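Pasted below: protein23.pdb, PDB, N, CA and C atoms.
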```
ATOM      1  N   MET F   1       9.615   5.920 -26.580  1.00  0.00           N
ATOM      2  CA  MET F   1      10.190   5.271 -25.421  1.00  0.00           C
ATOM      3  C   MET F   1      11.704   5.435 -25.476  1.00  0.00           C
ATOM      4  N   SER F   2      12.264   5.858 -24.377  1.00  0.00           N
ATOM      5  CA  SER F   2      13.718   5.958 -24.316  1.00  0.00           C
ATOM      6  C   SER F   2      14.283   4.621 -23.867  1.00  0.00           C
ATOM      7  N   ILE F   3      15.530   4.393 -24.180  1.00  0.00           N
ATOM      8  CA  ILE F   3      16.177   3.142 -23.787  1.00  0.00           C
ATOM      9  C   ILE F   3      17.416   3.456 -22.968  1.00  0.00           C
ATOM     10  N   SER F   4      17.883   2.446 -22.257  1.00  0.00           N
ATOM     11  CA  SER F   4      19.036   2.617 -21.393  1.00  0.00           C
ATOM     12  C   SER F   4      19.847   1.323 -21.417  1.00  0.00           C
ATOM     13  N   THR F   5      21.054   1.399 -20.936  1.00  0.00           N
ATOM     14  CA  THR F   5      21.892   0.208 -20.828  1.00  0.00           C
ATOM     15  C   THR F   5      22.292   0.010 -19.376  1.00  0.00           C
ATOM     16  N   ILE F   6      22.583  -1.234 -19.040  1.00  0.00           N
ATOM     17  CA  ILE F   6      23.115  -1.549 -17.714  1.00  0.00           C
ATOM     18  C   ILE F   6      24.396  -2.353 -17.912  1.00  0.00           C
ATOM     19  N   THR F   7      25.311  -2.214 -16.988  1.00  0.00           N
ATOM     20  CA  THR F   7      26.576  -2.925 -17.071  1.00  0.00           C
ATOM     21  C   THR F   7      26.510  -4.147 -16.169  1.00  0.00           C
ATOM     22  N   ILE F   8      26.721  -5.318 -16.778  1.00  0.00           N
ATOM     23  CA  ILE F   8      26.748  -6.572 -16.030  1.00  0.00           C
ATOM     24  C   ILE F   8      27.915  -7.409 -16.551  1.00  0.00           C
ATOM     25  N   SER F   9      28.308  -8.387 -15.763  1.00  0.00           N
ATOM     26  CA  SER F   9      29.416  -9.247 -16.200  1.00  0.00           C
ATOM     27  C   SER F   9      28.957 -10.136 -17.352  1.00  0.00           C
ATOM     28  N   THR F  10      29.907 -10.601 -18.131  1.00  0.00           N
ATOM     29  CA  THR F  10      29.625 -11.501 -19.247  1.00  0.00           C
ATOM     30  C   THR F  10      28.971 -12.788 -18.740  1.00  0.00           C
ATOM     31  N   LYS F  11      29.430 -13.256 -17.603  1.00  0.00           N
ATOM     32  CA  LYS F  11      28.872 -14.471 -17.013  1.00  0.00           C
ATOM     33  C   LYS F  11      27.369 -14.312 -16.753  1.00  0.00           C
ATOM     34  N   ILE F  12      26.985 -13.195 -16.147  1.00  0.00           N
ATOM     35  CA  ILE F  12      25.576 -12.939 -15.851  1.00  0.00           C
ATOM     36  C   ILE F  12      24.789 -12.772 -17.151  1.00  0.00           C
ATOM     37  N   LYS F  13      25.352 -12.070 -18.119  1.00  0.00           N
ATOM     38  CA  LYS F  13      24.638 -11.870 -19.381  1.00  0.00           C
ATOM     39  C   LYS F  13      24.363 -13.200 -20.070  1.00  0.00           C
ATOM     40  N   LYS F  14      25.317 -14.120 -20.055  1.00  0.00           N
ATOM     41  CA  LYS F  14      25.114 -15.433 -20.668  1.00  0.00           C
ATOM     42  C   LYS F  14      23.977 -16.186 -19.969  1.00  0.00           C
ATOM     43  N   ARG F  15      23.956 -16.119 -18.650  1.00  0.00           N
ATOM     44  CA  ARG F  15      22.880 -16.779 -17.894  1.00  0.00           C
ATOM     45  C   ARG F  15      21.534 -16.157 -18.218  1.00  0.00           C
ATOM     46  N   LEU F  16      21.493 -14.833 -18.285  1.00  0.00           N
ATOM     47  CA  LEU F  16      20.242 -14.150 -18.618  1.00  0.00           C
ATOM     48  C   LEU F  16      19.774 -14.488 -20.029  1.00  0.00           C
ATOM     49  N   MET F  17      20.710 -14.560 -20.966  1.00  0.00           N
ATOM     50  CA  MET F  17      20.352 -14.865 -22.347  1.00  0.00           C
ATOM     51  C   MET F  17      19.728 -16.261 -22.464  1.00  0.00           C
ATOM     52  N   LYS F  18      20.236 -17.222 -21.687  1.00  0.00           N
ATOM     53  CA  LYS F  18      19.646 -18.560 -21.692  1.00  0.00           C
ATOM     54  C   LYS F  18      18.218 -18.525 -21.162  1.00  0.00           C
ATOM     55  N   LEU F  19      18.003 -17.776 -20.102  1.00  0.00           N
ATOM     56  CA  LEU F  19      16.659 -17.663 -19.521  1.00  0.00           C
ATOM     57  C   LEU F  19      15.710 -16.887 -20.429  1.00  0.00           C
ATOM     58  N   LYS F  20      16.244 -15.897 -21.129  1.00  0.00           N
ATOM     59  CA  LYS F  20      15.450 -15.004 -21.974  1.00  0.00           C
ATOM     60  C   LYS F  20      14.857 -15.733 -23.162  1.00  0.00           C
ATOM     61  N   GLY F  21      15.622 -16.632 -23.750  1.00  0.00           N
ATOM     62  CA  GLY F  21      15.124 -17.337 -24.936  1.00  0.00           C
ATOM     63  C   GLY F  21      14.869 -16.376 -26.080  1.00  0.00           C
ATOM     64  N   ASN F  22      13.705 -16.504 -26.717  1.00  0.00           N
ATOM     65  CA  ASN F  22      13.357 -15.682 -27.887  1.00  0.00           C
ATOM     66  C   ASN F  22      12.655 -14.375 -27.541  1.00  0.00           C
ATOM     67  N   LYS F  23      12.454 -14.111 -26.259  1.00  0.00           N
ATOM     68  CA  LYS F  23      11.777 -12.876 -25.849  1.00  0.00           C
ATOM     69  C   LYS F  23      12.694 -11.675 -26.055  1.00  0.00           C
ATOM     70  N   THR F  24      12.072 -10.510 -26.173  1.00  0.00           N
ATOM     71  CA  THR F  24      12.876  -9.291 -26.172  1.00  0.00           C
ATOM     72  C   THR F  24      13.347  -9.059 -24.740  1.00  0.00           C
ATOM     73  N   TRP F  25      14.355  -8.207 -24.592  1.00  0.00           N
ATOM     74  CA  TRP F  25      14.823  -7.904 -23.237  1.00  0.00           C
ATOM     75  C   TRP F  25      13.714  -7.254 -22.425  1.00  0.00           C
ATOM     76  N   ASP F  26      12.919  -6.387 -23.046  1.00  0.00           N
ATOM     77  CA  ASP F  26      11.802  -5.759 -22.333  1.00  0.00           C
ATOM     78  C   ASP F  26      10.807  -6.805 -21.846  1.00  0.00           C
ATOM     79  N   GLU F  27      10.441  -7.737 -22.717  1.00  0.00           N
ATOM     80  CA  GLU F  27       9.492  -8.792 -22.339  1.00  0.00           C
ATOM     81  C   GLU F  27      10.063  -9.644 -21.209  1.00  0.00           C
ATOM     82  N   PHE F  28      11.328 -10.003 -21.348  1.00  0.00           N
ATOM     83  CA  PHE F  28      11.971 -10.847 -20.351  1.00  0.00           C
ATOM     84  C   PHE F  28      11.995 -10.162 -18.983  1.00  0.00           C
ATOM     85  N   PHE F  29      12.476  -8.929 -18.934  1.00  0.00           N
ATOM     86  CA  PHE F  29      12.580  -8.245 -17.641  1.00  0.00           C
ATOM     87  C   PHE F  29      11.210  -7.887 -17.074  1.00  0.00           C
ATOM     88  N   GLU F  30      10.240  -7.635 -17.930  1.00  0.00           N
ATOM     89  CA  GLU F  30       8.871  -7.398 -17.463  1.00  0.00           C
ATOM     90  C   GLU F  30       8.365  -8.656 -16.746  1.00  0.00           C
ATOM     91  N   GLU F  31       8.654  -9.824 -17.319  1.00  0.00           N
ATOM     92  CA  GLU F  31       8.258 -11.092 -16.715  1.00  0.00           C
ATOM     93  C   GLU F  31       8.981 -11.323 -15.393  1.00  0.00           C
ATOM     94  N   VAL F  32      10.259 -11.027 -15.345  1.00  0.00           N
ATOM     95  CA  VAL F  32      11.046 -11.184 -14.117  1.00  0.00           C
ATOM     96  C   VAL F  32      10.491 -10.275 -13.019  1.00  0.00           C
ATOM     97  N   ILE F  33      10.237  -9.030 -13.368  1.00  0.00           N
ATOM     98  CA  ILE F  33       9.704  -8.070 -12.392  1.00  0.00           C
ATOM     99  C   ILE F  33       8.347  -8.528 -11.878  1.00  0.00           C
ATOM    100  N   GLU F  34       7.500  -9.003 -12.786  1.00  0.00           N
ATOM    101  CA  GLU F  34       6.166  -9.489 -12.408  1.00  0.00           C
ATOM    102  C   GLU F  34       6.276 -10.643 -11.405  1.00  0.00           C
ATOM    103  N   LYS F  35       7.174 -11.578 -11.656  1.00  0.00           N
ATOM    104  CA  LYS F  35       7.354 -12.718 -10.751  1.00  0.00           C
ATOM    105  C   LYS F  35       7.836 -12.260  -9.374  1.00  0.00           C
ATOM    106  N   ILE F  36       8.783 -11.351  -9.355  1.00  0.00           N
ATOM    107  CA  ILE F  36       9.307 -10.853  -8.073  1.00  0.00           C
ATOM    108  C   ILE F  36       8.218 -10.114  -7.298  1.00  0.00           C
ATOM    109  N   GLU F  37       7.471  -9.265  -7.991  1.00  0.00           N
ATOM    110  CA  GLU F  37       6.390  -8.534  -7.318  1.00  0.00           C
ATOM    111  C   GLU F  37       5.316  -9.488  -6.794  1.00  0.00           C
ATOM    112  N   ASN F  38       4.979 -10.517  -7.574  1.00  0.00           N
ATOM    113  CA  ASN F  38       3.979 -11.484  -7.127  1.00  0.00           C
ATOM    114  C   ASN F  38       4.459 -12.246  -5.903  1.00  0.00           C
ATOM    115  N   GLN F  39       5.714 -12.655  -5.895  1.00  0.00           N
ATOM    116  CA  GLN F  39       6.270 -13.351  -4.737  1.00  0.00           C
ATOM    117  C   GLN F  39       6.199 -12.470  -3.502  1.00  0.00           C
ATOM    118  N   SER F  40       6.498 -11.207  -3.685  1.00  0.00           N
ATOM    119  CA  SER F  40       6.461 -10.264  -2.571  1.00  0.00           C
ATOM    120  C   SER F  40       5.037 -10.111  -2.033  1.00  0.00           C
ATOM    121  N   LEU F  41       4.067 -10.005  -2.949  1.00  0.00           N
ATOM    122  CA  LEU F  41       2.669  -9.880  -2.520  1.00  0.00           C
ATOM    123  C   LEU F  41       2.212 -11.119  -1.755  1.00  0.00           C
ATOM    124  N   VAL F  42       2.554 -12.284  -2.245  1.00  0.00           N
ATOM    125  CA  VAL F  42       2.151 -13.525  -1.581  1.00  0.00           C
ATOM    126  C   VAL F  42       2.773 -13.605  -0.190  1.00  0.00           C
ATOM    127  N   LYS F  43       4.038 -13.249  -0.092  1.00  0.00           N
ATOM    128  CA  LYS F  43       4.726 -13.273   1.213  1.00  0.00           C
ATOM    129  C   LYS F  43       4.053 -12.309   2.193  1.00  0.00           C
ATOM    130  N   GLU F  44       3.770 -11.097   1.729  1.00  0.00           N
ATOM    131  CA  GLU F  44       3.132 -10.112   2.598  1.00  0.00           C
ATOM    132  C   GLU F  44       1.729 -10.550   2.995  1.00  0.00           C
ATOM    133  N   ALA F  45       1.007 -11.156   2.066  1.00  0.00           N
ATOM    134  CA  ALA F  45      -0.346 -11.627   2.366  1.00  0.00           C
ATOM    135  C   ALA F  45      -0.307 -12.743   3.411  1.00  0.00           C
ATOM    136  N   LYS F  46       0.665 -13.646   3.306  1.00  0.00           N
ATOM    137  CA  LYS F  46       0.792 -14.726   4.293  1.00  0.00           C
ATOM    138  C   LYS F  46       1.105 -14.169   5.673  1.00  0.00           C
ATOM    139  N   GLU F  47       1.994 -13.189   5.720  1.00  0.00           N
ATOM    140  CA  GLU F  47       2.336 -12.565   6.999  1.00  0.00           C
ATOM    141  C   GLU F  47       1.116 -11.862   7.590  1.00  0.00           C
ATOM    142  N   PHE F  48       0.360 -11.180   6.740  1.00  0.00           N
ATOM    143  CA  PHE F  48      -0.855 -10.487   7.181  1.00  0.00           C
ATOM    144  C   PHE F  48      -1.870 -11.499   7.702  1.00  0.00           C
ATOM    145  N   GLN F  49      -2.021 -12.616   6.973  1.00  0.00           N
ATOM    146  CA  GLN F  49      -2.960 -13.670   7.377  1.00  0.00           C
ATOM    147  C   GLN F  49      -2.604 -14.208   8.753  1.00  0.00           C
ATOM    148  N   GLU F  50      -1.320 -14.459   8.978  1.00  0.00           N
ATOM    149  CA  GLU F  50      -0.887 -14.981  10.270  1.00  0.00           C
ATOM    150  C   GLU F  50      -1.099 -13.956  11.384  1.00  0.00           C
ATOM    151  N   GLU F  51      -0.757 -12.722  11.104  1.00  0.00           N
ATOM    152  CA  GLU F  51      -0.862 -11.681  12.132  1.00  0.00           C
ATOM    153  C   GLU F  51      -2.309 -11.416  12.532  1.00  0.00           C
ATOM    154  N   PHE F  52      -3.216 -11.429  11.558  1.00  0.00           N
ATOM    155  CA  PHE F  52      -4.609 -11.082  11.845  1.00  0.00           C
ATOM    156  C   PHE F  52      -5.525 -12.301  11.865  1.00  0.00           C
ATOM    157  N   LYS F  53      -4.933 -13.486  11.856  1.00  0.00           N
ATOM    158  CA  LYS F  53      -5.677 -14.744  11.973  1.00  0.00           C
ATOM    159  C   LYS F  53      -6.824 -14.841  10.963  1.00  0.00           C
ATOM    160  N   LEU F  54      -6.524 -14.576   9.703  1.00  0.00           N
ATOM    161  CA  LEU F  54      -7.531 -14.660   8.649  1.00  0.00           C
ATOM    162  C   LEU F  54      -7.718 -16.104   8.201  1.00  0.00           C
ATOM    163  N   SER F  55      -8.929 -16.416   7.778  1.00  0.00           N
ATOM    164  CA  SER F  55      -9.172 -17.734   7.191  1.00  0.00           C
ATOM    165  C   SER F  55      -8.511 -17.775   5.816  1.00  0.00           C
ATOM    166  N   ASP F  56      -8.336 -18.969   5.283  1.00  0.00           N
ATOM    167  CA  ASP F  56      -7.752 -19.095   3.947  1.00  0.00           C
ATOM    168  C   ASP F  56      -8.602 -18.358   2.915  1.00  0.00           C
ATOM    169  N   LYS F  57      -9.917 -18.438   3.059  1.00  0.00           N
ATOM    170  CA  LYS F  57     -10.830 -17.774   2.114  1.00  0.00           C
ATOM    171  C   LYS F  57     -10.641 -16.262   2.165  1.00  0.00           C
ATOM    172  N   ASP F  58     -10.575 -15.705   3.359  1.00  0.00           N
ATOM    173  CA  ASP F  58     -10.377 -14.262   3.494  1.00  0.00           C
ATOM    174  C   ASP F  58      -8.994 -13.846   2.992  1.00  0.00           C
ATOM    175  N   ALA F  59      -7.990 -14.681   3.239  1.00  0.00           N
ATOM    176  CA  ALA F  59      -6.638 -14.380   2.766  1.00  0.00           C
ATOM    177  C   ALA F  59      -6.584 -14.378   1.240  1.00  0.00           C
ATOM    178  N   GLU F  60      -7.302 -15.314   0.605  1.00  0.00           N
ATOM    179  CA  GLU F  60      -7.348 -15.354  -0.857  1.00  0.00           C
ATOM    180  C   GLU F  60      -8.040 -14.110  -1.417  1.00  0.00           C
ATOM    181  N   LYS F  61      -9.105 -13.670  -0.752  1.00  0.00           N
ATOM    182  CA  LYS F  61      -9.791 -12.435  -1.176  1.00  0.00           C
ATOM    183  C   LYS F  61      -8.843 -11.242  -1.074  1.00  0.00           C
ATOM    184  N   MET F  62      -8.108 -11.189   0.032  1.00  0.00           N
ATOM    185  CA  MET F  62      -7.181 -10.083   0.228  1.00  0.00           C
ATOM    186  C   MET F  62      -6.080 -10.091  -0.834  1.00  0.00           C
ATOM    187  N   LEU F  63      -5.556 -11.275  -1.146  1.00  0.00           N
ATOM    188  CA  LEU F  63      -4.517 -11.383  -2.158  1.00  0.00           C
ATOM    189  C   LEU F  63      -5.045 -10.948  -3.526  1.00  0.00           C
ATOM    190  N   ALA F  64      -6.270 -11.341  -3.854  1.00  0.00           N
ATOM    191  CA  ALA F  64      -6.882 -10.927  -5.120  1.00  0.00           C
ATOM    192  C   ALA F  64      -7.023  -9.400  -5.166  1.00  0.00           C
ATOM    193  N   LEU F  65      -7.395  -8.809  -4.058  1.00  0.00           N
ATOM    194  CA  LEU F  65      -7.511  -7.356  -3.990  1.00  0.00           C
ATOM    195  C   LEU F  65      -6.149  -6.687  -4.167  1.00  0.00           C
ATOM    196  N   LEU F  66      -5.122  -7.252  -3.571  1.00  0.00           N
ATOM    197  CA  LEU F  66      -3.770  -6.702  -3.728  1.00  0.00           C
ATOM    198  C   LEU F  66      -3.318  -6.772  -5.184  1.00  0.00           C
ATOM    199  N   TYR F  67      -3.567  -7.904  -5.851  1.00  0.00           N
ATOM    200  CA  TYR F  67      -3.212  -8.039  -7.268  1.00  0.00           C
ATOM    201  C   TYR F  67      -3.926  -6.985  -8.105  1.00  0.00           C
ATOM    202  N   LYS F  68      -5.239  -6.830  -7.851  1.00  0.00           N
ATOM    203  CA  LYS F  68      -6.035  -5.863  -8.607  1.00  0.00           C
ATOM    204  C   LYS F  68      -5.525  -4.444  -8.369  1.00  0.00           C
ATOM    205  N   SER F  69      -5.268  -4.110  -7.127  1.00  0.00           N
ATOM    206  CA  SER F  69      -4.778  -2.765  -6.800  1.00  0.00           C
ATOM    207  C   SER F  69      -3.427  -2.509  -7.443  1.00  0.00           C
ATOM    208  N   ARG F  70      -2.556  -3.524  -7.422  1.00  0.00           N
ATOM    209  CA  ARG F  70      -1.241  -3.363  -8.026  1.00  0.00           C
ATOM    210  C   ARG F  70      -1.352  -3.109  -9.521  1.00  0.00           C
ATOM    211  N   GLN F  71      -2.253  -3.802 -10.186  1.00  0.00           N
ATOM    212  CA  GLN F  71      -2.447  -3.585 -11.620  1.00  0.00           C
ATOM    213  C   GLN F  71      -2.952  -2.171 -11.886  1.00  0.00           C
ATOM    214  N   GLU F  72      -3.847  -1.675 -11.056  1.00  0.00           N
ATOM    215  CA  GLU F  72      -4.355  -0.303 -11.209  1.00  0.00           C
ATOM    216  C   GLU F  72      -3.234   0.705 -10.998  1.00  0.00           C
ATOM    217  N   TRP F  73      -2.381   0.478 -10.019  1.00  0.00           N
ATOM    218  CA  TRP F  73      -1.256   1.392  -9.768  1.00  0.00           C
ATOM    219  C   TRP F  73      -0.306   1.400 -10.949  1.00  0.00           C
ATOM    220  N   ARG F  74      -0.034   0.215 -11.511  1.00  0.00           N
ATOM    221  CA  ARG F  74       0.867   0.127 -12.658  1.00  0.00           C
ATOM    222  C   ARG F  74       0.301   0.892 -13.846  1.00  0.00           C
ATOM    223  N   PHE F  75      -1.017   0.826 -14.018  1.00  0.00           N
ATOM    224  CA  PHE F  75      -1.648   1.516 -15.138  1.00  0.00           C
ATOM    225  C   PHE F  75      -1.503   3.029 -14.960  1.00  0.00           C
ATOM    226  N   ARG F  76      -1.656   3.509 -13.727  1.00  0.00           N
ATOM    227  CA  ARG F  76      -1.557   4.944 -13.465  1.00  0.00           C
ATOM    228  C   ARG F  76      -0.131   5.451 -13.449  1.00  0.00           C
ATOM    229  N   TYR F  77       0.795   4.615 -13.002  1.00  0.00           N
ATOM    230  CA  TYR F  77       2.181   5.031 -12.847  1.00  0.00           C
ATOM    231  C   TYR F  77       3.097   4.048 -13.558  1.00  0.00           C
ATOM    232  N   PRO F  78       3.273   4.206 -14.867  1.00  0.00           N
ATOM    233  CA  PRO F  78       4.076   3.234 -15.623  1.00  0.00           C
ATOM    234  C   PRO F  78       5.529   3.199 -15.232  1.00  0.00           C
TER     235      PRO F  78
END
```

What does the file become when written as structure tokens?
Amino acid sequence: MSISTITISTKIKKRLMKLKGNKTWDEFFEEVIEKIENQSLVKEAKEFQEEFKLSDKDAEKMLALLYKSRQEWRFRYP
């Protein structure tokens, strides 16, 4: 695995370090990315539900399918 660096202000790094705790930077950012992607999926699913007048049950099924598909895509395209 190759590694890279990013340039951020000291202020931001201190805030990130507090949030990171004992996790590695990879673990921490993987968790951050996962949360952002999940929020995006939920938002898109809600918009889809409203647009196509889906029941809550159907919307939950669709969201589960989106989560599953996203995991499959991540496995194929790291």

Measuring atom to atom with only C-alpha atoms, identify which of F:Arg15, F:Lys23, F:Lys46, F:Lys35 is nearest to Met62 in chain F.
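Smallest distance to Met62 in chain F is found for F:Lys46.
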
Tell me, in Å to one decimal, how far CA of Tyr67 in chain F is from CA of Glu37 in chain F.
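Between these atoms lies a distance of 9.6 Å.
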
I need the residue nearest Ala59 in chain F from this list: F:Val32, F:Leu19, F:Ala45, F:Ile3. Use only N, CA and C atoms for the distance.
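Counting only N, CA and C atoms, the residue closest to Ala59 in chain F is F:Ala45.
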
What is the atom C of Phe52 in chain F-atom C of Ile33 in chain F distance in Å, reported with one decimal?
27.8 Å

Name the residues of range 6-67 of chain F that fall into helix (DSSP H, G or I) according to DSSP on the backbone, using the chain letters and numbers of this document, as a ChimeraX atom specification.
/F:10-20,25-52,56-67

Record the distance separating atom C of Ser69 in chain F and atom C of Glu51 in chain F, expressed in Å with one decimal.
21.9 Å

With 6 Å of padding per side, what axis-aligned box (centre and edge lengths, Å, one decimal) covers all the listed atoms of range 48-52 of chain F? Give it as AutoDock Vina command-line options.
```
--center_x -2.6 --center_y -12.7 --center_z 9.6 --size_x 17.9 --size_y 16.5 --size_z 17.8
```
